file upload-v2.cif (mmCIF, C-alpha atoms)
data_protein
loop_
_atom_site.label_atom_id
_atom_site.label_comp_id
_atom_site.auth_asym_id
_atom_site.auth_seq_id
_atom_site.Cartn_x
_atom_site.Cartn_y
_atom_site.Cartn_z
CA MET A 1 58.84 -57.90 198.05
CA GLY A 2 55.78 -57.50 200.27
CA LYS A 3 57.45 -59.14 203.27
CA ILE A 4 60.50 -56.91 202.89
CA SER A 5 58.29 -53.81 202.72
CA ASP A 6 56.48 -54.87 205.89
CA PHE A 7 59.83 -55.52 207.56
CA LEU A 8 61.09 -52.03 206.70
CA LYS A 9 57.87 -50.45 207.82
CA ASN A 10 57.93 -52.28 211.15
CA THR A 11 61.64 -51.73 211.71
CA PHE A 12 61.95 -48.10 210.63
CA GLY A 13 58.34 -46.96 210.80
CA GLN A 14 58.41 -45.62 207.26
CA SER A 15 56.95 -46.61 203.94
CA THR A 16 58.81 -48.00 200.94
CA GLU A 17 58.77 -44.55 199.35
CA THR A 18 61.34 -43.37 201.91
CA VAL A 19 63.74 -46.28 201.40
CA ASN A 20 64.96 -47.50 198.02
CA LEU A 21 63.89 -51.12 197.52
CA ALA A 22 65.29 -51.58 194.04
CA ALA A 23 68.14 -53.81 195.21
CA THR A 24 66.24 -55.63 197.98
CA SER A 25 66.52 -59.42 197.97
CA ALA A 26 65.17 -62.11 200.23
CA LYS A 27 67.38 -63.52 202.96
CA PRO A 28 69.06 -66.74 201.76
CA GLY A 29 68.43 -69.87 203.75
CA ASN A 30 72.12 -70.35 204.59
CA SER A 31 73.10 -69.02 208.03
CA TYR A 32 76.79 -69.18 208.79
CA ILE A 33 76.59 -68.46 212.51
CA GLN A 34 74.05 -71.20 213.13
CA ASN A 35 76.41 -73.71 211.52
CA ILE A 36 79.30 -72.87 213.84
CA VAL A 37 80.14 -75.84 216.08
CA PRO A 38 80.34 -74.68 219.73
CA LYS A 39 83.49 -75.56 221.62
CA THR A 40 84.42 -75.84 225.27
CA ILE A 41 87.46 -73.74 226.10
CA SER A 42 89.97 -75.44 228.38
CA GLN A 43 90.86 -73.27 231.39
CA THR A 44 94.47 -74.34 231.65
CA ARG A 45 97.34 -72.15 232.77
CA GLN A 46 98.72 -69.94 230.02
CA ASP A 47 102.38 -69.03 229.69
CA ILE A 48 104.77 -67.39 227.24
CA LYS A 49 105.27 -70.66 225.40
CA THR A 50 101.52 -70.86 224.79
CA TRP A 51 101.62 -67.36 223.34
CA THR A 52 104.56 -67.96 221.00
CA ASN A 53 103.06 -71.24 219.76
CA ALA A 54 99.75 -69.47 219.04
CA GLN A 55 101.60 -66.73 217.12
CA ASN A 56 103.52 -69.26 215.05
CA ILE A 57 100.38 -71.20 214.13
CA ALA A 58 98.62 -68.00 213.08
CA MET A 59 101.51 -66.65 210.99
CA VAL A 60 102.49 -69.74 209.00
CA GLU A 61 102.10 -69.46 205.24
CA GLU A 62 100.20 -72.69 204.67
CA ASN A 63 96.98 -73.54 206.49
CA PRO A 64 97.23 -71.01 209.34
CA LYS A 65 94.97 -71.46 212.36
CA PHE A 66 93.75 -68.51 214.39
CA PHE A 67 91.78 -70.21 217.16
CA PRO A 68 94.76 -70.55 219.58
CA ILE A 69 95.60 -66.84 219.51
CA GLN A 70 91.94 -65.76 219.61
CA ASN A 71 91.26 -68.07 222.56
CA LEU A 72 94.27 -66.51 224.26
CA PHE A 73 92.86 -63.02 223.59
CA ASP A 74 89.59 -64.07 225.23
CA ASN A 75 91.57 -65.35 228.18
CA ILE A 76 93.63 -62.21 228.82
CA LEU A 77 90.56 -59.97 228.55
CA LYS A 78 89.54 -61.36 231.93
CA ASP A 79 92.18 -59.05 233.37
CA LEU A 80 90.15 -56.16 234.78
CA HIS A 81 92.74 -53.48 234.01
CA LEU A 82 93.06 -54.49 230.36
CA GLN A 83 89.30 -54.85 230.14
CA SER A 84 88.77 -51.33 231.50
CA GLN A 85 91.31 -49.81 229.10
CA VAL A 86 89.71 -51.45 226.06
CA ASN A 87 86.20 -50.48 227.16
CA ASN A 88 87.28 -46.93 228.00
CA ARG A 89 88.60 -46.40 224.49
CA MET A 90 85.79 -48.17 222.65
CA LEU A 91 82.88 -46.66 224.58
CA LYS A 92 84.10 -43.13 223.84
CA SER A 93 83.47 -43.89 220.17
CA LEU A 94 80.38 -46.07 220.55
CA SER A 95 78.60 -43.40 222.60
CA ARG A 96 79.32 -40.59 220.14
CA PRO A 97 76.19 -39.44 218.21
CA PHE A 98 76.34 -39.75 214.43
CA SER A 99 74.33 -38.44 211.51
CA ILE A 100 73.25 -39.79 208.15
CA LYS A 101 73.87 -37.26 205.41
CA ASN A 102 72.49 -37.10 201.92
CA ALA A 103 74.64 -36.79 198.80
CA ASP A 104 74.49 -32.98 199.06
CA GLY A 105 76.02 -33.08 202.53
CA LYS A 106 72.84 -32.13 204.41
CA THR A 107 71.78 -34.22 207.40
CA ASN A 108 68.92 -36.63 206.78
CA ASP A 109 67.10 -36.14 210.07
CA VAL A 110 64.64 -38.99 209.40
CA LEU A 111 67.27 -41.69 208.79
CA THR A 112 69.54 -40.32 211.52
CA THR A 113 66.78 -40.53 214.12
CA LEU A 114 65.72 -44.00 212.98
CA LEU A 115 69.23 -45.46 213.10
CA GLN A 116 70.36 -43.86 216.37
CA ASP A 117 68.67 -46.44 218.61
CA LYS A 118 69.07 -49.54 216.43
CA GLY A 119 71.02 -52.39 218.02
CA PHE A 120 72.61 -53.57 214.78
CA VAL A 121 74.31 -50.17 214.35
CA PHE A 122 75.97 -50.55 217.75
CA GLN A 123 77.10 -54.11 216.93
CA ILE A 124 78.51 -53.05 213.55
CA ASN A 125 80.50 -50.20 215.10
CA LYS A 126 81.76 -52.51 217.84
CA ALA A 127 82.92 -55.05 215.24
CA ILE A 128 84.77 -52.30 213.36
CA LEU A 129 86.53 -51.06 216.51
CA GLU A 130 87.49 -54.57 217.59
CA THR A 131 89.65 -54.89 214.47
CA VAL A 132 92.08 -52.49 216.16
CA PHE A 133 92.53 -54.95 219.01
CA ARG A 134 91.91 -58.31 217.32
CA ARG A 135 92.82 -57.63 213.68
CA HIS A 136 89.64 -58.76 211.94
CA SER A 137 85.84 -59.06 212.17
CA LEU A 138 83.45 -61.07 210.02
CA GLY A 139 79.74 -60.56 210.64
CA GLU A 140 76.36 -61.57 209.30
CA PHE A 141 73.03 -59.75 208.97
CA SER A 142 69.87 -61.67 209.76
CA TYR A 143 66.24 -61.23 210.69
CA LYS A 144 65.11 -62.15 214.18
CA LEU A 145 61.59 -62.11 215.53
CA VAL A 146 61.08 -59.73 218.45
CA ASN A 147 57.49 -59.60 219.72
CA ASN A 148 56.47 -61.46 216.52
CA GLU A 149 58.00 -58.74 214.35
CA PRO A 150 61.14 -59.10 212.20
CA VAL A 151 64.10 -57.01 213.37
CA LEU A 152 67.38 -56.61 211.51
CA THR A 153 70.36 -57.82 213.59
CA PHE A 154 74.09 -58.12 213.10
CA ASP A 155 76.19 -60.85 214.73
CA CYS A 156 79.94 -61.30 214.65
CA ILE A 157 81.11 -64.77 213.61
CA PRO A 158 83.59 -66.20 216.17
CA ARG A 159 87.09 -65.19 215.11
CA GLN A 160 88.38 -68.62 216.08
CA ASN A 161 86.58 -69.97 213.01
CA VAL A 162 87.83 -67.38 210.50
CA ASP A 163 91.07 -67.26 208.55
CA PRO A 164 91.19 -63.69 207.17
CA ARG A 165 94.43 -64.23 205.27
CA THR A 166 93.15 -66.91 202.92
CA GLY A 167 89.43 -66.17 203.28
CA TYR A 168 88.43 -69.50 204.82
CA LEU A 169 85.61 -70.12 207.28
CA TYR A 170 85.74 -73.25 209.45
CA TYR A 171 82.46 -74.40 210.96
CA ASP A 172 84.60 -76.53 213.30
CA TYR A 173 87.96 -74.87 213.84
CA THR A 174 89.57 -78.14 214.93
CA ASP A 175 88.64 -79.70 211.58
CA ASP A 176 90.11 -79.04 208.14
CA LYS A 177 86.73 -78.70 206.39
CA LYS A 178 86.27 -75.12 205.25
CA ILE A 179 84.56 -72.80 202.77
CA LYS A 180 85.75 -69.69 200.97
CA TYR A 181 83.41 -67.11 202.46
CA ARG A 182 84.51 -64.36 200.06
CA GLU A 183 83.21 -66.43 197.15
CA GLN A 184 79.73 -66.89 198.64
CA LYS A 185 76.79 -65.06 197.10
CA GLU A 186 75.93 -63.47 200.45
CA TYR A 187 79.35 -61.82 200.71
CA GLY A 188 79.10 -58.03 200.51
CA SER A 189 75.44 -57.90 201.50
CA TRP A 190 74.40 -60.33 204.24
CA LEU A 191 78.01 -61.22 205.02
CA ILE A 192 80.52 -58.40 205.53
CA GLU A 193 84.03 -58.14 207.01
CA PHE A 194 86.28 -55.46 208.45
CA GLY A 195 89.94 -55.13 209.35
CA GLU A 196 93.29 -56.26 208.04
CA LYS A 197 93.99 -59.45 206.15
CA ASN A 198 97.79 -59.71 206.05
CA THR A 199 99.24 -57.60 208.87
CA THR A 200 99.75 -57.85 212.62
CA LEU A 201 97.47 -59.63 215.07
CA GLY A 202 96.19 -56.46 216.75
CA LEU A 203 96.93 -54.51 219.93
CA LEU A 204 95.92 -57.38 222.21
CA ASP A 205 98.86 -59.42 220.96
CA GLY A 206 101.28 -57.07 222.68
CA CYS A 207 99.22 -57.19 225.89
CA VAL A 208 99.46 -60.97 226.23
CA PRO A 209 102.89 -61.13 227.94
CA MET A 210 101.95 -58.24 230.26
CA VAL A 211 98.87 -60.11 231.51
CA LEU A 212 100.85 -63.34 231.95
CA PHE A 213 103.62 -61.55 233.88
CA LYS A 214 101.00 -59.83 235.99
CA ARG A 215 99.34 -63.11 236.89
CA PHE A 216 102.70 -64.58 237.82
CA GLY A 217 103.55 -61.57 240.00
CA GLY A 218 100.14 -61.61 241.67
CA SER A 219 100.45 -65.32 242.40
CA CYS A 220 103.90 -64.87 243.97
CA TRP A 221 102.71 -61.90 246.00
CA SER A 222 99.78 -63.94 247.29
CA GLU A 223 102.16 -66.73 248.29
CA LEU A 224 104.35 -64.19 250.08
CA CYS A 225 101.33 -63.01 252.06
CA GLU A 226 100.48 -66.59 252.93
CA ILE A 227 103.96 -67.44 254.20
CA TYR A 228 104.97 -64.21 255.93
CA GLY A 229 101.53 -62.92 256.78
CA ILE A 230 100.78 -65.99 258.92
CA PRO A 231 104.18 -67.55 259.71
CA PRO A 232 104.30 -71.32 260.08
CA ARG A 233 104.68 -72.82 263.53
CA VAL A 234 107.44 -75.23 264.55
CA MET A 235 107.29 -77.80 267.36
CA LYS A 236 110.29 -79.83 268.47
CA THR A 237 109.60 -83.21 270.04
CA ASN A 238 110.87 -86.75 270.06
CA THR A 239 109.74 -87.95 266.64
CA GLN A 240 110.62 -91.53 267.58
CA ASP A 241 107.80 -91.56 270.12
CA LYS A 242 104.53 -92.03 268.24
CA VAL A 243 102.46 -90.93 271.26
CA MET A 244 104.34 -87.63 271.51
CA VAL A 245 104.06 -87.02 267.76
CA SER A 246 100.33 -87.70 267.84
CA ARG A 247 99.89 -85.34 270.77
CA ALA A 248 101.97 -82.67 269.00
CA LYS A 249 99.82 -82.90 265.87
CA GLN A 250 96.66 -82.48 267.92
CA MET A 251 98.10 -79.47 269.74
CA MET A 252 99.20 -77.74 266.53
CA ALA A 253 95.87 -78.42 264.81
CA ASP A 254 93.95 -76.98 267.77
CA MET A 255 96.01 -73.79 267.75
CA GLY A 256 94.74 -72.56 264.36
CA SER A 257 94.88 -73.01 260.59
CA ALA A 258 98.44 -71.79 259.93
CA ALA A 259 100.97 -74.24 258.53
CA TYR A 260 103.03 -76.12 261.07
CA PHE A 261 106.05 -78.41 261.23
CA ILE A 262 106.91 -81.14 263.72
CA ILE A 263 110.61 -81.89 263.85
CA ASP A 264 112.88 -83.79 266.16
CA ASP A 265 114.34 -81.91 269.09
CA SER A 266 117.77 -82.40 267.59
CA GLU A 267 116.70 -80.77 264.26
CA SER A 268 116.30 -77.12 263.34
CA PHE A 269 114.08 -75.17 260.96
CA GLU A 270 114.68 -71.75 259.40
CA PHE A 271 113.83 -69.77 256.25
CA ALA A 272 116.55 -69.35 253.67
CA LYS A 273 117.99 -65.86 253.49
CA GLY A 274 116.63 -64.00 250.50
CA VAL A 275 116.03 -60.44 249.44
CA ASN A 276 114.32 -58.56 252.24
CA THR A 277 111.01 -57.34 250.82
CA ASN A 278 107.50 -56.59 251.91
CA GLY A 279 106.14 -57.20 248.41
CA ASP A 280 107.52 -54.11 246.64
CA VAL A 281 109.14 -56.20 243.92
CA TYR A 282 105.77 -57.74 243.03
CA SER A 283 103.95 -54.44 243.37
CA ASN A 284 106.38 -52.82 240.93
CA LEU A 285 105.96 -55.69 238.47
CA LEU A 286 102.16 -55.37 238.54
CA LYS A 287 102.42 -51.59 238.13
CA TYR A 288 104.80 -52.00 235.19
CA CYS A 289 102.43 -54.45 233.46
CA ASN A 290 99.44 -52.16 233.99
CA ASN A 291 101.32 -49.15 232.63
CA GLU A 292 102.47 -51.07 229.56
CA MET A 293 98.90 -52.18 228.79
CA SER A 294 97.67 -48.61 229.25
CA MET A 295 100.33 -47.32 226.86
CA GLY A 296 99.38 -49.91 224.26
CA ILE A 297 95.61 -49.37 224.42
CA SER A 298 95.20 -45.72 225.44
CA GLY A 299 98.53 -44.35 224.25
CA THR A 300 99.26 -43.06 227.76
CA VAL A 301 98.69 -43.70 231.46
CA VAL A 302 95.47 -41.90 232.40
CA GLY A 303 94.40 -41.42 236.03
CA GLN A 304 96.49 -44.25 237.51
CA ASP A 305 99.57 -42.55 238.92
CA THR A 306 98.12 -41.01 242.08
CA LYS A 307 101.60 -40.35 243.53
CA ASN A 308 103.28 -38.47 240.70
CA GLY A 309 100.22 -37.31 238.78
CA SER A 310 99.28 -33.70 238.10
CA ASN A 311 96.47 -31.77 236.48
CA GLY A 312 98.59 -30.82 233.48
CA LYS A 313 99.80 -34.38 233.02
CA GLU A 314 96.26 -35.74 233.10
CA LYS A 315 95.03 -33.17 230.56
CA THR A 316 97.86 -34.09 228.23
CA SER A 317 97.09 -37.79 228.64
CA ILE A 318 93.39 -37.25 227.96
CA GLY A 319 94.33 -35.28 224.83
CA ILE A 320 96.40 -38.23 223.56
CA LEU A 321 93.48 -40.60 224.20
CA ASP A 322 91.13 -38.22 222.39
CA ASP A 323 93.41 -38.33 219.35
CA LEU A 324 93.11 -42.14 219.32
CA VAL A 325 89.33 -41.87 219.65
CA ASP A 326 89.23 -39.48 216.68
CA SER A 327 91.19 -42.07 214.71
CA ASP A 328 88.68 -44.74 215.75
CA LEU A 329 85.79 -42.54 214.60
CA SER A 330 87.47 -42.14 211.22
CA LEU A 331 87.85 -45.92 211.06
CA ILE A 332 84.11 -46.35 211.70
CA GLU A 333 83.26 -43.81 209.00
CA GLN A 334 85.52 -45.64 206.57
CA GLY A 335 83.93 -48.98 207.43
CA TRP A 336 80.45 -47.61 206.78
CA ARG A 337 81.50 -45.91 203.55
CA ASP A 338 83.29 -48.90 202.05
CA THR A 339 81.37 -51.86 203.48
CA VAL A 340 78.24 -51.25 205.55
CA ILE A 341 76.37 -48.71 203.41
CA PRO A 342 76.87 -50.69 200.16
CA ALA A 343 75.56 -53.78 201.99
CA LEU A 344 72.52 -51.96 203.40
CA ILE A 345 71.82 -50.46 199.98
CA ALA A 346 71.92 -53.96 198.48
CA LEU A 347 69.46 -55.11 201.17
CA GLY A 348 67.18 -52.13 200.54
CA ILE A 349 67.65 -50.69 204.02
CA LEU A 350 69.25 -47.39 202.99
CA PRO A 351 68.82 -45.26 199.89
CA VAL A 352 71.65 -44.65 197.46
CA GLY A 353 73.95 -41.71 198.13
CA VAL A 354 73.82 -41.45 201.92
CA GLN A 355 76.87 -41.09 204.15
CA TYR A 356 77.61 -41.98 207.78
CA LYS A 357 79.34 -39.07 209.52
CA TYR A 358 80.39 -37.84 212.94
CA ASP A 359 80.09 -34.13 213.62
CA ALA A 360 83.20 -32.26 214.75
CA THR A 361 83.48 -32.10 218.53
CA GLU A 362 83.19 -28.73 220.25
CA ASP A 363 84.40 -27.44 223.60
CA LEU A 364 81.05 -26.47 225.11
CA GLU A 365 82.69 -24.60 227.99
CA VAL A 366 84.54 -22.28 225.63
CA LEU A 367 81.51 -21.99 223.34
CA TRP A 368 79.24 -21.02 226.27
CA LYS A 369 81.68 -18.32 227.34
CA MET A 370 81.58 -16.91 223.80
CA VAL A 371 77.77 -16.96 223.84
CA VAL A 372 77.61 -15.10 227.16
CA GLU A 373 80.02 -12.44 225.92
CA ALA A 374 78.24 -12.06 222.56
CA ALA A 375 74.80 -11.86 224.18
CA ALA A 376 75.63 -8.38 225.48
CA PHE A 377 75.89 -7.05 221.92
CA LEU A 378 74.05 -9.52 219.65
CA GLU A 379 70.70 -11.29 219.49
CA ILE A 380 71.18 -15.06 220.04
CA ASP A 381 68.80 -17.62 218.52
CA PRO A 382 66.97 -19.31 221.47
CA LYS A 383 66.38 -22.51 219.45
CA TRP A 384 70.11 -22.83 218.75
CA VAL A 385 70.91 -22.35 222.46
CA GLU A 386 68.36 -25.01 223.41
CA THR A 387 69.69 -27.48 220.84
CA LYS A 388 73.37 -26.87 221.54
CA PHE A 389 73.35 -26.66 225.35
CA GLY A 390 70.10 -28.38 226.32
CA ILE A 391 68.80 -25.26 228.09
CA LYS A 392 65.06 -24.80 227.77
CA VAL A 393 64.54 -21.20 226.60
CA ILE A 394 61.03 -19.85 227.28
CA GLY A 395 61.66 -16.20 226.44
CA THR A 396 63.90 -13.20 226.81
CA LYS A 397 64.45 -11.94 230.31
CA THR A 398 63.73 -8.20 230.73
CA THR A 399 65.20 -6.05 233.44
CA ALA A 400 63.28 -3.19 235.01
CA ALA A 401 64.52 0.32 234.36
CA PRO A 402 66.33 1.81 237.37
CA ALA A 403 64.24 4.18 239.51
CA ASN A 404 64.79 7.95 239.30
CA LEU A 405 67.32 8.50 242.03
CA SER A 406 67.91 12.21 241.42
CA LEU A 407 68.20 14.22 244.60
CA ASN A 408 65.97 17.19 245.34
CA LEU A 409 68.21 19.50 247.25
CA GLY A 410 66.21 22.35 248.81
CA GLU A 411 67.50 25.69 250.08
CA GLY A 412 67.73 24.48 253.68
CA PHE A 413 69.46 21.09 252.94
CA PHE A 414 72.92 22.23 254.08
CA VAL A 415 71.73 24.35 256.98
#
call {"tool": "encode", "arguments": {"input": "upload-v2.cif", "output": "structure tokens"}}
result
Amino acid sequence: MGKISDFLKNTFGQSTETVNLAATSAKPGNSYIQNIVPKTISQTRQDIKTWTNAQNIAMVEENPKFFPIQNLFDNILKDLHLQSQVNNRMLKSLSRPFSIKNADGKTNDVLTTLLQDKGFVFQINKAILETVFRRHSLGEFSYKLVNNEPVLTFDCIPRQNVDPRTGYLYYDYTDDKKIKYREQKEYGSWLIEFGEKNTTLGLLDGCVPMVLFKRFGGSCWSELCEIYGIPPRVMKTNTQDKVMVSRAKQMMADMGSAAYFIIDDSESFEFAKGVNTNGDVYSNLLKYCNNEMSMGISGTVVGQDTKNGSNGKEKTSIGILDDLVDSDLSLIEQGWRDTVIPALIALGILPVGVQYKYDATEDLEVLWKMVVEAAAFLEIDPKWVETKFGIKVIGTKTTAAPANLSLNLGEGFFV
């Protein structure tokens, strides 16, 4: 118990009287993450067949495997548009300040301040949010030495090694050896999980074909630029004369790096007639894929349509995204209430009865307008103004009384 007390004192800067240590237990020697066998991911071309095969393997009733679909999710997240949409939604929630409340509903300022800058809180919230996109998260608490002091950390176990439907953990996902992680003694304290067990594969599953189509369209567009941007050169000569062919090759090579053809003077070369395009068909395909991914992740297309966009349209789109963010915040609160807080209570990190909450958002522009209008009739608390708006209030500004401007009109003023 002494080591745990020192750990809490070093980590949170408070004594054991502040944190309930009744349920504290020593960290078991078993570490699941350290036993995971690292794997090299093959960077082969992905196609729709790869996606459907990965879905089928993950959704079978007996011995499902999730590493193909999770590897595919990792692969499509290299797409910068999809990456930006996921980060844009997640960071709006991860950057939102939270508060730890006591059982009576009042904010515990001490615990709130101590947890605000802790890395494991950020990692837990990230793992909860990722269940929206990747279905499931399984993570493990552990102690790590930082500057020779123990610090509580939280690491997500690779999803390729987890079967959330049956509750199996594979140290090597290509092997059939497994353990039932929900039956381990660490489950619920050191080992916690979030997300769905028997439903869909997450939002990223619907984005897979859009990324694959986009890569195909981008590749074809690049090839179009290569062919029509620098047209190939054609030289006609007597191909039966080796000296003339050799001289023709040297001439064409010296003229530049564009592709060239050497044909007989009795032959002809021409491009097949196709659809006349300057790349619009590929541009429209890429735009369609980007819009579909935006609709799936953000619920709308925000700030991308520079041609047909408008201020009202953007405000409506941002409002739709804000509704999704509010849903994500509720998901985080639920994850803390049902899983994280019971685990931290079991570890002795948090006292019994606390809650993790997000305060209701306020429109500061509207609120400031109300304050300015009310200040003409009411006394406003300077401390509240400083806390709410970040304006340093040093006192009340006084205005000098207007000078006596009365006119002294003598008898000869109008003469």
call {"tool": "resolve_selection", "arguments": {"input": "upload-v2.cif", "expression": "the PyMOL selection byres ((chain A and resi 192) around 12)", "output": "ChimeraX atom specification"}}
result
/A:32,124,127-128,136-142,154-157,181-191,193-195,335-336,338-344,346
call {"tool": "atom_distance", "arguments": {"input": "upload-v2.cif", "atom1": "atom CA of Phe120 of chain A", "atom2": "atom CA of Leu152 of chain A"}}
result
6.9 Å
call {"tool": "atom_distance", "arguments": {"input": "upload-v2.cif", "atom1": "atom CA of Leu347 of chain A", "atom2": "atom CA of Thr153 of chain A"}}
result
12.7 Å
call {"tool": "atom_distance", "arguments": {"input": "upload-v2.cif", "atom1": "atom CA of Asn148 of chain A", "atom2": "atom CA of Leu350 of chain A"}}
result
23.3 Å
call {"tool": "closest_residue", "arguments": {"input": "upload-v2.cif", "among": "A:Gln240, A:Ser219, A:Gln34, A:Thr112", "to": "Pro158 of chain A", "atoms": "only C-alpha atoms"}}
result
A:Gln34
call {"tool": "resolve_selection", "arguments": {"input": "upload-v2.cif", "expression": "the PyMOL selection byres ((chain A and resi 89-98) around 8)", "output": "number ranges by chain"}}
result
A: 85-88, 99-100, 112, 116, 122, 125-126, 129, 297-298, 321, 325, 328-329, 356-359
call {"tool": "closest_residue", "arguments": {"input": "upload-v2.cif", "among": "A:Ser31, A:Asp104, A:Val121, A:Asp205", "to": "Ile69 of chain A", "atoms": "only C-alpha atoms"}}
result
A:Asp205
call {"tool": "resolve_selection", "arguments": {"input": "upload-v2.cif", "expression": "the PyMOL selection byres ((chain A and resi 103) around 9)", "output": "list in words"}}
result
Lys101, Asn102, Asp104, Gly105, Lys106, Val352, Gly353, Val354 and Gln355 of chain A
call {"tool": "residues_around", "arguments": {"input": "upload-v2.cif", "residues": "Trp368 of chain A", "least_positions_apart": "4", "cutoff": "12 Å", "atoms": "all atoms listed in the file", "output": "PyMOL selection string"}}
result
chain A and resi 362-364+372-375+380+384-386+388-391
call {"tool": "residues_around", "arguments": {"input": "upload-v2.cif", "residues": "Asn161 of chain A", "least_positions_apart": "5", "cutoff": "7 Å", "atoms": "all atoms listed in the file", "output": "list of chain:residue names"}}
result
A:Phe67, A:Leu169, A:Tyr170, A:Tyr171, A:Asp172, A:Tyr173
call {"tool": "residues_around", "arguments": {"input": "upload-v2.cif", "residues": "Ile320 of chain A", "least_positions_apart": "5", "cutoff": "12 Å", "atoms": "all atoms listed in the file", "output": "list in words"}}
result
Arg89, Ser294, Met295, Ile297, Ser298, Gly299, Thr300, Val301, Val302, Lys313, Glu314, Lys315, Val325, Asp326 and Ser327 of chain A
call {"tool": "closest_residue", "arguments": {"input": "upload-v2.cif", "among": "A:Ser330, A:Thr50, A:Asn63, A:Gln43", "to": "Lys177 of chain A", "atoms": "only C-alpha atoms"}}
result
A:Asn63
call {"tool": "closest_residue", "arguments": {"input": "upload-v2.cif", "among": "A:Arg134, A:Arg247, A:Glu196, A:Gly279", "to": "Tyr228 of chain A", "atoms": "only C-alpha atoms"}}
result
A:Gly279
call {"tool": "residues_around", "arguments": {"input": "upload-v2.cif", "residues": "Leu203 of chain A", "least_positions_apart": "2", "cutoff": "9 Å", "atoms": "all atoms listed in the file", "output": "VMD selection string"}}
result
chain A and resid 132 to 135 200 to 201 205 to 207 296 to 297
call {"tool": "write_last_selection", "arguments": {"input": "upload-v2.cif", "atoms": "C-alpha atoms", "output": "PDB file, in the frame of the given file"}}
result
ATOM      1  CA  VAL A 132      92.080 -52.490 216.160  1.00  0.00           C
ATOM      2  CA  PHE A 133      92.530 -54.950 219.010  1.00  0.00           C
ATOM      3  CA  ARG A 134      91.910 -58.310 217.320  1.00  0.00           C
ATOM      4  CA  ARG A 135      92.820 -57.630 213.680  1.00  0.00           C
ATOM      5  CA  THR A 200      99.750 -57.850 212.620  1.00  0.00           C
ATOM      6  CA  LEU A 201      97.470 -59.630 215.070  1.00  0.00           C
ATOM      7  CA  ASP A 205      98.860 -59.420 220.960  1.00  0.00           C
ATOM      8  CA  GLY A 206     101.280 -57.070 222.680  1.00  0.00           C
ATOM      9  CA  CYS A 207      99.220 -57.190 225.890  1.00  0.00           C
ATOM     10  CA  GLY A 296      99.380 -49.910 224.260  1.00  0.00           C
ATOM     11  CA  ILE A 297      95.610 -49.370 224.420  1.00  0.00           C
TER      12      ILE A 297
END
call {"tool": "closest_residue", "arguments": {"input": "upload-v2.cif", "among": "A:Thr316, A:Cys289, A:Ala253, A:Val37", "to": "Phe216 of chain A", "atoms": "only C-alpha atoms"}}
result
A:Cys289
call {"tool": "build_atoms", "arguments": {"input": "upload-v2.cif", "residues": "segment 369-380 of chain A", "atoms": "N, CA and C atoms", "output": "mmCIF file, in the coordinates of the input"}}
result
data_model
loop_
_atom_site.group_PDB
_atom_site.id
_atom_site.type_symbol
_atom_site.label_atom_id
_atom_site.label_comp_id
_atom_site.auth_asym_id
_atom_site.auth_seq_id
_atom_site.Cartn_x
_atom_site.Cartn_y
_atom_site.Cartn_z
ATOM 1 N N LYS A 369 81.066 -19.588 226.971
ATOM 2 C CA LYS A 369 81.680 -18.320 227.340
ATOM 3 C C LYS A 369 81.553 -17.315 226.200
ATOM 4 N N MET A 370 81.736 -17.792 224.966
ATOM 5 C CA MET A 370 81.580 -16.910 223.800
ATOM 6 C C MET A 370 80.138 -16.441 223.659
ATOM 7 N N VAL A 371 79.183 -17.338 223.941
ATOM 8 C CA VAL A 371 77.770 -16.960 223.840
ATOM 9 C C VAL A 371 77.419 -15.897 224.866
ATOM 10 N N VAL A 372 77.893 -16.079 226.101
ATOM 11 C CA VAL A 372 77.610 -15.100 227.160
ATOM 12 C C VAL A 372 78.183 -13.737 226.806
ATOM 13 N N GLU A 373 79.403 -13.715 226.281
ATOM 14 C CA GLU A 373 80.020 -12.440 225.920
ATOM 15 C C GLU A 373 79.326 -11.798 224.729
ATOM 16 N N ALA A 374 78.899 -12.609 223.747
ATOM 17 C CA ALA A 374 78.240 -12.060 222.560
ATOM 18 C C ALA A 374 76.829 -11.609 222.844
ATOM 19 N N ALA A 375 76.190 -12.194 223.880
ATOM 20 C CA ALA A 375 74.800 -11.860 224.180
ATOM 21 C C ALA A 375 74.632 -10.404 224.608
ATOM 22 N N ALA A 376 75.717 -9.786 225.067
ATOM 23 C CA ALA A 376 75.630 -8.380 225.480
ATOM 24 C C ALA A 376 75.531 -7.444 224.291
ATOM 25 N N PHE A 377 75.880 -7.909 223.104
ATOM 26 C CA PHE A 377 75.890 -7.050 221.920
ATOM 27 C C PHE A 377 75.020 -7.576 220.786
ATOM 28 N N LEU A 378 74.750 -8.909 220.778
ATOM 29 C CA LEU A 378 74.050 -9.520 219.650
ATOM 30 C C LEU A 378 72.818 -10.276 220.122
ATOM 31 N N GLU A 379 71.863 -10.464 219.214
ATOM 32 C CA GLU A 379 70.700 -11.290 219.490
ATOM 33 C C GLU A 379 71.055 -12.745 219.195
ATOM 34 N N ILE A 380 70.845 -13.633 220.175
ATOM 35 C CA ILE A 380 71.180 -15.060 220.040
ATOM 36 C C ILE A 380 69.893 -15.843 219.787
#
